[in-house]
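Visitor: This is query_38.txt (compact mmCIF, C-alpha atoms).
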```txt
# COMPACT_ATOMS: atom_id res chain seq x y z
CA MET V 1 27.22 6.79 -87.55
CA GLU V 2 30.58 5.06 -87.14
CA ASN V 3 32.31 8.39 -86.42
CA GLU V 4 29.72 9.27 -83.78
CA LYS V 5 30.13 5.82 -82.23
CA ASN V 6 33.92 6.12 -82.08
CA SER V 7 33.66 9.62 -80.65
CA LEU V 8 31.26 8.54 -77.91
CA LEU V 9 33.35 5.50 -76.93
CA SER V 10 36.69 7.32 -76.94
CA ARG V 11 35.37 10.37 -75.08
CA ASN V 12 34.01 8.40 -72.12
CA LYS V 13 36.59 5.62 -71.80
CA ILE V 14 38.78 5.68 -68.68
CA LYS V 15 42.21 4.17 -69.27
CA THR V 16 43.30 3.46 -65.68
CA VAL V 17 41.50 2.63 -62.45
CA SER V 18 43.56 2.31 -59.27
CA ASN V 19 42.89 0.14 -56.23
CA GLU V 20 42.20 3.34 -54.32
CA ASP V 21 39.57 4.26 -56.92
CA LYS V 22 37.90 0.89 -56.40
CA LEU V 23 37.52 1.59 -52.68
CA GLN V 24 34.76 4.06 -53.64
CA PHE V 25 32.43 1.07 -53.98
CA SER V 26 32.42 0.78 -50.20
CA ASN V 27 30.50 4.05 -49.92
CA TYR V 28 27.32 2.72 -51.51
CA LEU V 29 25.23 5.66 -50.27
CA GLU V 30 26.83 7.83 -52.96
CA VAL V 31 25.20 5.54 -55.53
CA VAL V 32 21.84 5.90 -53.78
CA GLN V 33 22.23 9.68 -53.63
CA SER V 34 23.07 9.82 -57.35
CA PHE V 35 19.97 7.77 -58.15
CA ALA V 36 17.82 10.10 -56.04
CA LYS V 37 19.05 13.07 -58.10
CA ILE V 38 17.69 11.71 -61.36
CA THR V 39 14.33 10.27 -60.26
CA TYR V 40 11.10 12.02 -59.28
CA GLN V 41 10.52 9.29 -56.71
CA SER V 42 11.39 9.58 -53.04
CA VAL V 43 14.29 7.35 -52.02
CA TYR V 44 15.39 6.14 -48.61
CA VAL V 45 17.42 3.34 -47.00
CA ILE V 46 16.43 1.27 -43.95
CA ASP V 47 19.07 -0.29 -41.69
CA TYR V 48 17.53 -3.28 -39.87
CA GLU V 49 20.48 -3.69 -37.52
CA GLU V 50 20.10 -0.17 -36.11
CA MET V 51 16.36 -0.05 -36.94
CA LYS V 52 16.71 3.43 -38.41
CA PHE V 53 16.68 5.30 -41.70
CA GLU V 54 20.23 5.49 -43.00
CA TYR V 55 19.42 7.87 -45.87
CA VAL V 56 16.40 9.96 -46.89
CA SER V 57 16.33 11.89 -50.18
CA ASN V 58 15.08 15.44 -50.62
CA ASN V 59 12.36 14.31 -53.05
CA PRO V 60 9.21 15.77 -51.47
CA LEU V 61 6.50 13.08 -51.61
CA PHE V 62 7.72 10.86 -48.78
CA LEU V 63 8.71 13.87 -46.65
CA CYS V 64 5.07 15.00 -46.21
CA GLY V 65 6.14 18.60 -45.65
CA TYR V 66 9.09 17.77 -43.35
CA SER V 67 12.75 18.18 -44.27
CA SER V 68 14.80 15.10 -45.11
CA GLU V 69 16.83 15.75 -41.95
CA GLU V 70 13.66 15.71 -39.83
CA VAL V 71 12.45 12.42 -41.36
CA LEU V 72 15.93 10.91 -41.00
CA LYS V 73 15.94 11.82 -37.33
CA MET V 74 12.42 10.47 -36.72
CA GLY V 75 13.19 7.11 -38.32
CA TYR V 76 10.44 4.58 -37.60
CA GLU V 77 8.61 7.18 -35.51
CA PHE V 78 7.84 8.85 -38.84
CA TYR V 79 5.52 5.95 -39.68
CA PHE V 80 3.86 5.92 -36.27
CA ASN V 81 3.22 9.67 -36.41
CA ASN V 82 2.13 9.99 -40.05
CA VAL V 83 0.37 6.77 -41.08
CA PRO V 84 -3.34 6.29 -40.19
CA LYS V 85 -4.03 3.57 -37.59
CA GLU V 86 -5.72 1.15 -40.00
CA ASP V 87 -2.80 1.46 -42.44
CA LEU V 88 -0.29 0.96 -39.61
CA GLU V 89 -1.99 -2.34 -38.87
CA LEU V 90 -1.67 -3.22 -42.56
CA LEU V 91 2.04 -2.30 -42.55
CA SER V 92 2.58 -4.51 -39.51
CA LEU V 93 0.95 -7.45 -41.33
CA ILE V 94 2.97 -6.80 -44.51
CA ASN V 95 6.17 -6.60 -42.48
CA THR V 96 5.51 -9.94 -40.76
CA LEU V 97 4.33 -11.87 -43.83
CA GLY V 98 6.90 -10.24 -46.11
CA PHE V 99 9.84 -11.30 -43.96
CA ASP V 100 8.24 -14.74 -43.54
CA PHE V 101 8.22 -15.01 -47.35
CA TYR V 102 11.93 -14.13 -47.52
CA ASP V 103 12.85 -16.51 -44.71
CA GLN V 104 11.19 -19.42 -46.51
CA LEU V 105 13.17 -18.94 -49.73
CA PRO V 106 15.47 -21.98 -50.06
CA ASN V 107 18.31 -20.09 -51.76
CA THR V 108 19.45 -17.10 -49.70
CA ASP V 109 21.66 -15.88 -52.58
CA GLU V 110 18.50 -15.14 -54.60
CA ARG V 111 16.84 -12.95 -51.97
CA LYS V 112 18.23 -9.77 -53.52
CA LEU V 113 16.26 -10.58 -56.69
CA TYR V 114 12.94 -10.02 -54.92
CA SER V 115 11.08 -6.76 -54.30
CA ILE V 116 7.82 -5.99 -52.54
CA SER V 117 5.28 -3.32 -53.46
CA TYR V 118 2.27 -2.01 -51.52
CA ASP V 119 0.12 1.08 -51.00
CA PHE V 120 -0.62 3.03 -47.83
CA HIS V 121 -1.55 6.54 -46.74
CA LEU V 122 0.82 9.24 -45.46
CA LYS V 123 -0.40 12.47 -43.90
CA GLY V 124 2.41 14.48 -42.33
CA LYS V 125 1.83 18.19 -42.85
CA TYR V 126 -0.56 17.62 -45.75
CA ASP V 127 -4.23 18.61 -45.29
CA LYS V 128 -5.37 15.12 -46.24
CA PRO V 129 -3.60 11.73 -46.33
CA VAL V 130 -1.96 10.86 -49.66
CA LEU V 131 -2.05 7.30 -50.99
CA ILE V 132 1.50 6.34 -51.90
CA ASN V 133 3.10 3.29 -53.46
CA HIS V 134 6.04 1.88 -51.54
CA LYS V 135 8.60 -0.47 -53.08
CA LEU V 136 11.34 -2.19 -51.10
CA THR V 137 14.22 -4.40 -52.17
CA PRO V 138 17.19 -5.77 -50.20
CA LEU V 139 20.54 -3.99 -50.58
CA PHE V 140 22.61 -6.13 -48.23
CA LEU V 141 22.11 -9.44 -46.44
CA ASN V 142 24.00 -10.60 -43.37
CA GLU V 143 26.04 -13.82 -43.38
CA LYS V 144 22.92 -15.82 -42.48
CA GLY V 145 20.96 -14.40 -45.41
CA ALA V 146 18.72 -12.08 -43.37
CA VAL V 147 17.90 -8.68 -44.87
CA TRP V 148 20.31 -6.15 -43.34
CA LYS V 149 19.63 -3.00 -45.39
CA SER V 150 16.89 -2.21 -47.89
CA LEU V 151 16.39 0.40 -50.60
CA CYS V 152 12.90 1.96 -50.60
CA ILE V 153 11.21 3.91 -53.41
CA VAL V 154 8.06 5.99 -52.88
CA SER V 155 5.73 7.32 -55.61
CA ILE V 156 2.06 8.26 -55.97
CA SER V 157 -0.16 5.17 -56.03
CA HIS V 158 -2.36 4.53 -59.07
CA ASN V 159 -4.82 2.56 -56.91
CA GLN V 160 -7.85 3.75 -54.96
CA ASN V 161 -7.21 2.01 -51.63
CA ALA V 162 -4.38 0.86 -49.39
CA GLY V 163 -3.04 -2.67 -49.77
CA ASN V 164 -2.35 -4.11 -53.25
CA VAL V 165 0.60 -6.06 -51.88
CA THR V 166 2.76 -7.91 -54.41
CA ILE V 167 6.20 -9.52 -54.50
CA ASN V 168 8.15 -9.68 -57.76
CA LYS V 169 11.28 -11.62 -58.64
CA GLN V 170 13.63 -10.22 -61.25
CA GLY V 171 13.63 -12.23 -64.48
CA VAL V 172 10.57 -14.32 -63.58
CA ASP V 173 7.11 -13.99 -65.18
CA LYS V 174 5.40 -14.61 -61.87
CA VAL V 175 4.08 -12.36 -59.12
CA TRP V 176 3.02 -13.22 -55.58
CA LYS V 177 -0.07 -11.36 -54.34
CA LEU V 178 -1.00 -11.14 -50.68
CA ASP V 179 -4.50 -12.21 -49.71
CA VAL V 180 -4.81 -9.98 -46.65
CA SER V 181 -7.91 -11.68 -45.26
CA LYS V 182 -6.37 -15.19 -45.44
CA LYS V 183 -2.80 -13.96 -44.75
CA VAL V 184 -1.35 -16.07 -47.57
CA TRP V 185 0.74 -15.36 -50.68
CA ILE V 186 -0.83 -16.47 -53.97
CA ALA V 187 1.43 -16.98 -57.00
CA THR V 188 0.04 -15.83 -60.38
CA GLU V 189 1.42 -15.15 -63.84
CA LYS V 190 2.30 -11.54 -64.63
CA SER V 191 -0.08 -9.66 -66.91
CA LYS V 192 1.17 -9.49 -70.48
CA LEU V 193 0.28 -7.43 -73.53
CA LYS V 194 0.64 -8.13 -77.23
CA GLU V 195 2.97 -5.92 -79.26
CA ARG V 196 0.17 -3.77 -80.71
CA GLU V 197 -1.27 -3.18 -77.22
CA LEU V 198 2.19 -2.22 -75.96
CA GLU V 199 2.60 0.20 -78.86
CA ILE V 200 -0.70 1.90 -78.01
CA LEU V 201 0.34 2.25 -74.38
CA ARG V 202 3.73 3.69 -75.36
CA LEU V 203 2.08 6.23 -77.66
CA TYR V 204 -0.33 7.22 -74.90
CA ALA V 205 2.67 7.73 -72.62
CA GLN V 206 3.98 10.23 -75.20
CA GLY V 207 0.80 12.29 -74.77
CA LEU V 208 -1.08 11.26 -77.93
CA THR V 209 -4.89 11.15 -78.00
CA ILE V 210 -6.90 8.18 -79.28
CA ASN V 211 -7.36 9.88 -82.66
CA GLN V 212 -3.65 10.68 -82.91
CA ILE V 213 -2.70 7.11 -81.96
CA ALA V 214 -5.12 5.78 -84.59
CA GLU V 215 -3.62 8.06 -87.25
CA LYS V 216 -0.07 7.04 -86.35
CA MET V 217 -0.94 3.33 -86.44
CA PHE V 218 -3.06 3.65 -89.64
CA VAL V 219 -6.20 2.24 -88.01
CA SER V 220 -9.56 3.65 -86.96
CA PRO V 221 -10.19 5.21 -83.52
CA ASP V 222 -12.65 2.37 -82.84
CA THR V 223 -9.80 -0.12 -83.30
CA ILE V 224 -7.73 1.75 -80.71
CA LYS V 225 -10.72 1.73 -78.35
CA TYR V 226 -11.01 -2.05 -78.85
CA TYR V 227 -7.37 -2.57 -77.87
CA ARG V 228 -7.79 -0.10 -75.04
CA ARG V 229 -10.52 -2.29 -73.52
CA LYS V 230 -8.22 -5.32 -73.81
CA ILE V 231 -5.44 -3.44 -71.99
CA PHE V 232 -7.82 -2.40 -69.21
CA ALA V 233 -9.06 -5.97 -68.82
CA ALA V 234 -5.52 -7.39 -68.73
CA PHE V 235 -4.44 -4.97 -66.00
CA ASP V 236 -7.82 -4.77 -64.21
CA VAL V 237 -7.84 -0.95 -64.42
CA LYS V 238 -10.41 1.64 -65.46
CA ASN V 239 -8.49 4.19 -67.56
CA PHE V 240 -5.32 4.85 -69.53
CA THR V 241 -3.64 6.65 -66.64
CA GLU V 242 -4.07 3.65 -64.36
CA ALA V 243 -2.95 1.31 -67.16
CA LEU V 244 0.22 3.32 -67.73
CA SER V 245 1.01 3.43 -64.01
CA PHE V 246 0.45 -0.33 -63.75
CA ALA V 247 2.70 -1.00 -66.75
CA ILE V 248 5.49 1.19 -65.32
CA ASP V 249 5.20 -0.24 -61.82
CA ASN V 250 5.39 -3.79 -63.17
CA LYS V 251 8.14 -3.09 -65.74
CA ILE V 252 5.92 -3.95 -68.69
CA ILE V 253 7.00 -0.88 -70.65
```
What is this file in C-alpha cells?
Guide:
Amino acid sequence: MENEKNSLLSRNKIKTVSNEDKLQFSNYLEVVQSFAKITYQSVYVIDYEEMKFEYVSNNPLFLCGYSSEEVLKMGYEFYFNNVPKEDLELLSLINTLGFDFYDQLPNTDERKLYSISYDFHLKGKYDKPVLINHKLTPLFLNEKGAVWKSLCIVSISHNQNAGNVTINKQGVDKVWKLDVSKKVWIATEKSKLKERELEILRLYAQGLTINQIAEKMFVSPDTIKYYRRKIFAAFDVKNFTEALSFAIDNKII
C-alpha cells in the first residue's frame, strides 16, 4: 500500500508553477467545460450583465434537439420559445422571489454558498414536454454583492409536476422551500436517514434487489421492506427510484 501511495503522489506532483501558469485561472470557462465533459447533466452559464448564456454544454437534455450553438445564440429566447406558458409564469415568480431571497441575506460574502433547485417543462423539438430539474448557483458577484454570473445544471426531474422550489446552503442542515401560493420561503430541517437506511439506499444504487440487499446485510427481505417504508416516508416519495434521486439531489448520499 505504501509503495502504491508513493507512486501515486510522485507521479502526479508538479514541481513548479509559474505566474503565467496561474493566469489560467482567469479563464474560468475552461473549468466549466471540463466539468461538462465528465457529467451526464447539461451545464450552462448565465451572464446577468449581458442577460445572455455565456456557455452551453453539448449534453443533450437541455438542448431539446437543438445544437449548443443554437441555444447559445437564442439565450433567454430559448425559455420563451420552449417552456409552456404556465411554467414560464412559474419561472418568473421563482426569479423574482429567488433574487429577493439573495438580496435579503445580511452577509453578501456567503451568497455563493446558496443554490436553488426547481422543476419545469421543456419542449423544444421533443414530441412532448420533458420535466427537468434545474439547479443554479452563483459563480461571480459584483462589488455590491449582486449575482453577476451563475452556473446552471439540468437533469431529469424525479418529481411528477413543475415547481418543487428549494434553496440550499452549503454546510447547513436546513432547506428553504417556496410556498408558491403564499409566495413565501419556509425554512425546514433537511431530511436525514440513519446509517442502516443509507446503506440500503447505497446498495439499491448499485443495482441490488431487495432479496440481494437482505442477503448482503444478513437480514430478512421483510426487514429491508420495513426500512424502505421509513426511507419513503422521510423523503415523501413513492419508490426507490424517487428516493435515490432525492438523496442524490440533496447530497444525502
Visitor: Have a look at V:Trp176, V:Tyr66, V:Phe235, V:Phe246 and name the one nearest to Lys125 of chain V; count only C-alpha atoms.
Guide: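 Once distances to Lys125 of chain V are computed over only C-alpha atoms, the minimum belongs to V:Tyr66.
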Visitor: Could you pull the residues within 7 Å of Ser150 of chain V, counting all atoms listed in the file, minus those fewer than 4 positions along the same chain, as an NGL selection string?
Guide: :V and (45-47 or 136-140)
Visitor: When distances are computed from only C-alpha atoms, which of V:Ile38, V:Lys230, V:Val31, V:His158 shows the smallest separation from Lys194 of chain V?
Guide: V:Lys230
Visitor: Compile the contact shell of Tyr227 of chain V as number ranges by chain: residues with an atom at most 10 Å away, counting only C-alpha atoms, same-chain residues fewer than 2 positions apart removed.
Guide: V: 194, 196-198, 200-201, 222-225, 229-233
Visitor: If you count all atoms listed in the file, which residues fall within 10 Å of Glu199 of chain V, apart from same-chain ones fewer than 4 positions away, as an mmCIF file with C-alpha atoms, keeping the file's coordinate frame?
Guide:
```cif
data_model
loop_
_atom_site.group_PDB
_atom_site.id
_atom_site.type_symbol
_atom_site.label_atom_id
_atom_site.label_comp_id
_atom_site.auth_asym_id
_atom_site.auth_seq_id
_atom_site.Cartn_x
_atom_site.Cartn_y
_atom_site.Cartn_z
ATOM 1 C CA LEU V 193 0.280 -7.430 -73.530
ATOM 2 C CA LYS V 194 0.640 -8.130 -77.230
ATOM 3 C CA GLU V 195 2.970 -5.920 -79.260
ATOM 4 C CA LEU V 203 2.080 6.230 -77.660
ATOM 5 C CA TYR V 204 -0.330 7.220 -74.900
ATOM 6 C CA ALA V 205 2.670 7.730 -72.620
ATOM 7 C CA ILE V 213 -2.700 7.110 -81.960
ATOM 8 C CA MET V 217 -0.940 3.330 -86.440
ATOM 9 C CA ILE V 253 7.000 -0.880 -70.650
#
```
Visitor: When you draw a straight line from atom CA of Arg202 of chain V to atom CA of Val32 of chain V, how long is it in Å?
Guide: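 Atom-to-atom, atom CA of Arg202 of chain V to atom CA of Val32 of chain V, that is 28.3 Å.
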Visitor: Only C-alpha atoms, as a PDB file, in the first residue's frame: that is what I want for segment 55-207 of chain V.
Guide:
```pdb
ATOM      1  CA  TYR V  55     -21.705  28.889 -22.214  1.00  0.00           C
ATOM      2  CA  VAL V  56     -23.932  25.924 -23.129  1.00  0.00           C
ATOM      3  CA  SER V  57     -22.633  22.343 -22.995  1.00  0.00           C
ATOM      4  CA  ASN V  58     -23.262  19.681 -25.629  1.00  0.00           C
ATOM      5  CA  ASN V  59     -25.068  17.447 -23.113  1.00  0.00           C
ATOM      6  CA  PRO V  60     -28.389  16.793 -24.868  1.00  0.00           C
ATOM      7  CA  LEU V  61     -31.158  17.150 -22.250  1.00  0.00           C
ATOM      8  CA  PHE V  62     -31.251  20.948 -22.003  1.00  0.00           C
ATOM      9  CA  LEU V  63     -30.744  21.346 -25.769  1.00  0.00           C
ATOM     10  CA  CYS V  64     -34.164  19.808 -26.590  1.00  0.00           C
ATOM     11  CA  GLY V  65     -32.978  18.716 -30.023  1.00  0.00           C
ATOM     12  CA  TYR V  66     -31.120  21.965 -30.841  1.00  0.00           C
ATOM     13  CA  SER V  67     -27.355  22.322 -31.063  1.00  0.00           C
ATOM     14  CA  SER V  68     -25.483  24.018 -28.237  1.00  0.00           C
ATOM     15  CA  GLU V  69     -24.624  26.830 -30.667  1.00  0.00           C
ATOM     16  CA  GLU V  70     -28.325  27.383 -31.435  1.00  0.00           C
ATOM     17  CA  VAL V  71     -29.268  27.510 -27.735  1.00  0.00           C
ATOM     18  CA  LEU V  72     -26.321  29.807 -27.007  1.00  0.00           C
ATOM     19  CA  LYS V  73     -27.492  32.171 -29.720  1.00  0.00           C
ATOM     20  CA  MET V  74     -31.129  32.122 -28.552  1.00  0.00           C
ATOM     21  CA  GLY V  75     -30.214  32.928 -24.948  1.00  0.00           C
ATOM     22  CA  TYR V  76     -33.303  33.860 -22.921  1.00  0.00           C
ATOM     23  CA  GLU V  77     -35.458  33.454 -26.032  1.00  0.00           C
ATOM     24  CA  PHE V  78     -34.826  29.733 -25.598  1.00  0.00           C
ATOM     25  CA  TYR V  79     -37.002  29.799 -22.471  1.00  0.00           C
ATOM     26  CA  PHE V  80     -39.745  31.867 -24.090  1.00  0.00           C
ATOM     27  CA  ASN V  81     -39.891  29.544 -27.105  1.00  0.00           C
ATOM     28  CA  ASN V  82     -39.601  26.184 -25.340  1.00  0.00           C
ATOM     29  CA  VAL V  83     -41.223  26.467 -21.902  1.00  0.00           C
ATOM     30  CA  PRO V  84     -45.036  26.114 -21.596  1.00  0.00           C
ATOM     31  CA  LYS V  85     -46.887  29.314 -20.619  1.00  0.00           C
ATOM     32  CA  GLU V  86     -47.875  28.138 -17.125  1.00  0.00           C
ATOM     33  CA  ASP V  87     -44.273  27.113 -16.387  1.00  0.00           C
ATOM     34  CA  LEU V  88     -42.979  30.447 -17.721  1.00  0.00           C
ATOM     35  CA  GLU V  89     -45.180  32.165 -15.166  1.00  0.00           C
ATOM     36  CA  LEU V  90     -43.682  29.894 -12.500  1.00  0.00           C
ATOM     37  CA  LEU V  91     -40.138  30.722 -13.659  1.00  0.00           C
ATOM     38  CA  SER V  92     -40.937  34.434 -13.462  1.00  0.00           C
ATOM     39  CA  LEU V  93     -42.131  34.011  -9.859  1.00  0.00           C
ATOM     40  CA  ILE V  94     -39.075  31.916  -8.920  1.00  0.00           C
ATOM     41  CA  ASN V  95     -36.786  34.504 -10.495  1.00  0.00           C
ATOM     42  CA  THR V  96     -38.360  37.361  -8.526  1.00  0.00           C
ATOM     43  CA  LEU V  97     -38.592  35.601  -5.160  1.00  0.00           C
ATOM     44  CA  GLY V  98     -35.227  33.879  -5.583  1.00  0.00           C
ATOM     45  CA  PHE V  99     -33.360  37.136  -6.126  1.00  0.00           C
ATOM     46  CA  ASP V 100     -35.364  38.719  -3.287  1.00  0.00           C
ATOM     47  CA  PHE V 101     -34.084  35.910  -1.038  1.00  0.00           C
ATOM     48  CA  TYR V 102     -30.478  36.613  -2.066  1.00  0.00           C
ATOM     49  CA  ASP V 103     -30.854  40.370  -1.643  1.00  0.00           C
ATOM     50  CA  GLN V 104     -32.089  39.932   1.925  1.00  0.00           C
ATOM     51  CA  LEU V 105     -29.067  37.888   3.025  1.00  0.00           C
ATOM     52  CA  PRO V 106     -27.145  40.049   5.534  1.00  0.00           C
ATOM     53  CA  ASN V 107     -23.701  38.734   4.557  1.00  0.00           C
ATOM     54  CA  THR V 108     -23.036  39.147   0.828  1.00  0.00           C
ATOM     55  CA  ASP V 109     -19.844  37.051   1.109  1.00  0.00           C
ATOM     56  CA  GLU V 110     -21.993  33.992   1.872  1.00  0.00           C
ATOM     57  CA  ARG V 111     -24.222  34.280  -1.202  1.00  0.00           C
ATOM     58  CA  LYS V 112     -22.044  31.885  -3.189  1.00  0.00           C
ATOM     59  CA  LEU V 113     -22.854  29.179  -0.628  1.00  0.00           C
ATOM     60  CA  TYR V 114     -26.506  29.076  -1.706  1.00  0.00           C
ATOM     61  CA  SER V 115     -28.095  27.180  -4.590  1.00  0.00           C
ATOM     62  CA  ILE V 116     -31.666  26.991  -5.839  1.00  0.00           C
ATOM     63  CA  SER V 117     -33.419  23.967  -7.343  1.00  0.00           C
ATOM     64  CA  TYR V 118     -36.752  23.721  -9.164  1.00  0.00           C
ATOM     65  CA  ASP V 119     -38.604  21.732 -11.825  1.00  0.00           C
ATOM     66  CA  PHE V 120     -40.191  22.891 -15.073  1.00  0.00           C
ATOM     67  CA  HIS V 121     -41.054  21.548 -18.517  1.00  0.00           C
ATOM     68  CA  LEU V 122     -39.012  21.941 -21.706  1.00  0.00           C
ATOM     69  CA  LYS V 123     -40.335  21.006 -25.127  1.00  0.00           C
ATOM     70  CA  GLY V 124     -38.052  22.143 -27.935  1.00  0.00           C
ATOM     71  CA  LYS V 125     -38.013  19.580 -30.723  1.00  0.00           C
ATOM     72  CA  TYR V 126     -39.289  16.799 -28.461  1.00  0.00           C
ATOM     73  CA  ASP V 127     -42.751  15.339 -29.169  1.00  0.00           C
ATOM     74  CA  LYS V 128     -43.858  16.049 -25.610  1.00  0.00           C
ATOM     75  CA  PRO V 129     -42.545  18.396 -22.887  1.00  0.00           C
ATOM     76  CA  VAL V 130     -39.953  16.861 -20.559  1.00  0.00           C
ATOM     77  CA  LEU V 131     -39.957  17.688 -16.843  1.00  0.00           C
ATOM     78  CA  ILE V 132     -36.435  18.736 -15.918  1.00  0.00           C
ATOM     79  CA  ASN V 133     -34.736  19.703 -12.685  1.00  0.00           C
ATOM     80  CA  HIS V 134     -32.816  22.969 -12.810  1.00  0.00           C
ATOM     81  CA  LYS V 135     -30.154  23.920 -10.278  1.00  0.00           C
ATOM     82  CA  LEU V 136     -28.485  27.326 -10.160  1.00  0.00           C
ATOM     83  CA  THR V 137     -25.662  28.683  -8.017  1.00  0.00           C
ATOM     84  CA  PRO V 138     -23.737  31.976  -8.210  1.00  0.00           C
ATOM     85  CA  LEU V 139     -20.300  31.916  -9.847  1.00  0.00           C
ATOM     86  CA  PHE V 140     -19.421  35.589  -9.504  1.00  0.00           C
ATOM     87  CA  LEU V 141     -20.866  38.551  -7.617  1.00  0.00           C
ATOM     88  CA  ASN V 142     -20.308  42.199  -8.457  1.00  0.00           C
ATOM     89  CA  GLU V 143     -18.753  44.606  -5.953  1.00  0.00           C
ATOM     90  CA  LYS V 144     -22.186  45.268  -4.432  1.00  0.00           C
ATOM     91  CA  GLY V 145     -22.837  41.554  -3.872  1.00  0.00           C
ATOM     92  CA  ALA V 146     -25.386  41.124  -6.675  1.00  0.00           C
ATOM     93  CA  VAL V 147     -25.253  37.878  -8.663  1.00  0.00           C
ATOM     94  CA  TRP V 148     -23.269  38.571 -11.845  1.00  0.00           C
ATOM     95  CA  LYS V 149     -22.847  35.079 -13.337  1.00  0.00           C
ATOM     96  CA  SER V 150     -24.436  31.767 -12.405  1.00  0.00           C
ATOM     97  CA  LEU V 151     -23.679  28.117 -13.110  1.00  0.00           C
ATOM     98  CA  CYS V 152     -26.758  26.064 -14.078  1.00  0.00           C
ATOM     99  CA  ILE V 153     -27.133  22.276 -14.051  1.00  0.00           C
ATOM    100  CA  VAL V 154     -30.030  20.467 -15.766  1.00  0.00           C
ATOM    101  CA  SER V 155     -31.104  16.842 -15.202  1.00  0.00           C
ATOM    102  CA  ILE V 156     -34.287  14.770 -15.431  1.00  0.00           C
ATOM    103  CA  SER V 157     -36.666  15.578 -12.574  1.00  0.00           C
ATOM    104  CA  HIS V 158     -37.717  12.802 -10.202  1.00  0.00           C
ATOM    105  CA  ASN V 159     -40.982  14.648  -9.435  1.00  0.00           C
ATOM    106  CA  GLN V 160     -44.357  14.462 -11.165  1.00  0.00           C
ATOM    107  CA  ASN V 161     -45.110  18.175 -11.535  1.00  0.00           C
ATOM    108  CA  ALA V 162     -43.382  21.510 -12.042  1.00  0.00           C
ATOM    109  CA  GLY V 163     -42.381  23.551  -9.003  1.00  0.00           C
ATOM    110  CA  ASN V 164     -40.675  21.869  -6.018  1.00  0.00           C
ATOM    111  CA  VAL V 165     -38.622  25.001  -5.401  1.00  0.00           C
ATOM    112  CA  THR V 166     -35.928  24.786  -2.716  1.00  0.00           C
ATOM    113  CA  ILE V 167     -32.873  26.766  -1.663  1.00  0.00           C
ATOM    114  CA  ASN V 168     -29.933  25.023  -0.001  1.00  0.00           C
ATOM    115  CA  LYS V 169     -26.922  26.465   1.788  1.00  0.00           C
ATOM    116  CA  GLN V 170     -23.669  24.537   1.758  1.00  0.00           C
ATOM    117  CA  GLY V 171     -22.765  23.107   5.161  1.00  0.00           C
ATOM    118  CA  VAL V 172     -26.153  23.829   6.750  1.00  0.00           C
ATOM    119  CA  ASP V 173     -28.777  21.205   7.675  1.00  0.00           C
ATOM    120  CA  LYS V 174     -31.592  23.488   6.613  1.00  0.00           C
ATOM    121  CA  VAL V 175     -33.535  23.960   3.397  1.00  0.00           C
ATOM    122  CA  TRP V 176     -35.855  26.771   2.345  1.00  0.00           C
ATOM    123  CA  LYS V 177     -38.956  25.664   0.436  1.00  0.00           C
ATOM    124  CA  LEU V 178     -41.083  28.050  -1.593  1.00  0.00           C
ATOM    125  CA  ASP V 179     -44.795  28.131  -0.854  1.00  0.00           C
ATOM    126  CA  VAL V 180     -45.911  29.206  -4.324  1.00  0.00           C
ATOM    127  CA  SER V 181     -49.465  30.095  -3.312  1.00  0.00           C
ATOM    128  CA  LYS V 182     -48.344  32.350  -0.426  1.00  0.00           C
ATOM    129  CA  LYS V 183     -45.132  33.484  -2.183  1.00  0.00           C
ATOM    130  CA  VAL V 184     -43.024  32.940   0.939  1.00  0.00           C
ATOM    131  CA  TRP V 185     -39.921  30.888   1.779  1.00  0.00           C
ATOM    132  CA  ILE V 186     -40.346  28.381   4.618  1.00  0.00           C
ATOM    133  CA  ALA V 187     -37.246  27.108   6.430  1.00  0.00           C
ATOM    134  CA  THR V 188     -37.236  23.406   7.392  1.00  0.00           C
ATOM    135  CA  GLU V 189     -34.665  20.856   8.511  1.00  0.00           C
ATOM    136  CA  LYS V 190     -33.179  18.643   5.800  1.00  0.00           C
ATOM    137  CA  SER V 191     -34.394  15.052   5.665  1.00  0.00           C
ATOM    138  CA  LYS V 192     -31.961  12.639   7.296  1.00  0.00           C
ATOM    139  CA  LEU V 193     -31.507   8.879   7.271  1.00  0.00           C
ATOM    140  CA  LYS V 194     -29.951   6.529   9.785  1.00  0.00           C
ATOM    141  CA  GLU V 195     -26.832   4.602   8.762  1.00  0.00           C
ATOM    142  CA  ARG V 196     -28.709   1.364   8.010  1.00  0.00           C
ATOM    143  CA  GLU V 197     -31.197   3.244   5.804  1.00  0.00           C
ATOM    144  CA  LEU V 198     -28.312   4.924   3.980  1.00  0.00           C
ATOM    145  CA  GLU V 199     -26.661   1.550   3.439  1.00  0.00           C
ATOM    146  CA  ILE V 200     -29.842   0.145   1.889  1.00  0.00           C
ATOM    147  CA  LEU V 201     -30.109   3.123  -0.437  1.00  0.00           C
ATOM    148  CA  ARG V 202     -26.457   2.802  -1.476  1.00  0.00           C
ATOM    149  CA  LEU V 203     -26.911  -0.899  -2.216  1.00  0.00           C
ATOM    150  CA  TYR V 204     -30.012  -0.144  -4.276  1.00  0.00           C
ATOM    151  CA  ALA V 205     -27.962   2.405  -6.216  1.00  0.00           C
ATOM    152  CA  GLN V 206     -25.572  -0.449  -7.081  1.00  0.00           C
ATOM    153  CA  GLY V 207     -28.452  -2.321  -8.720  1.00  0.00           C
TER     154      GLY V 207
END
```
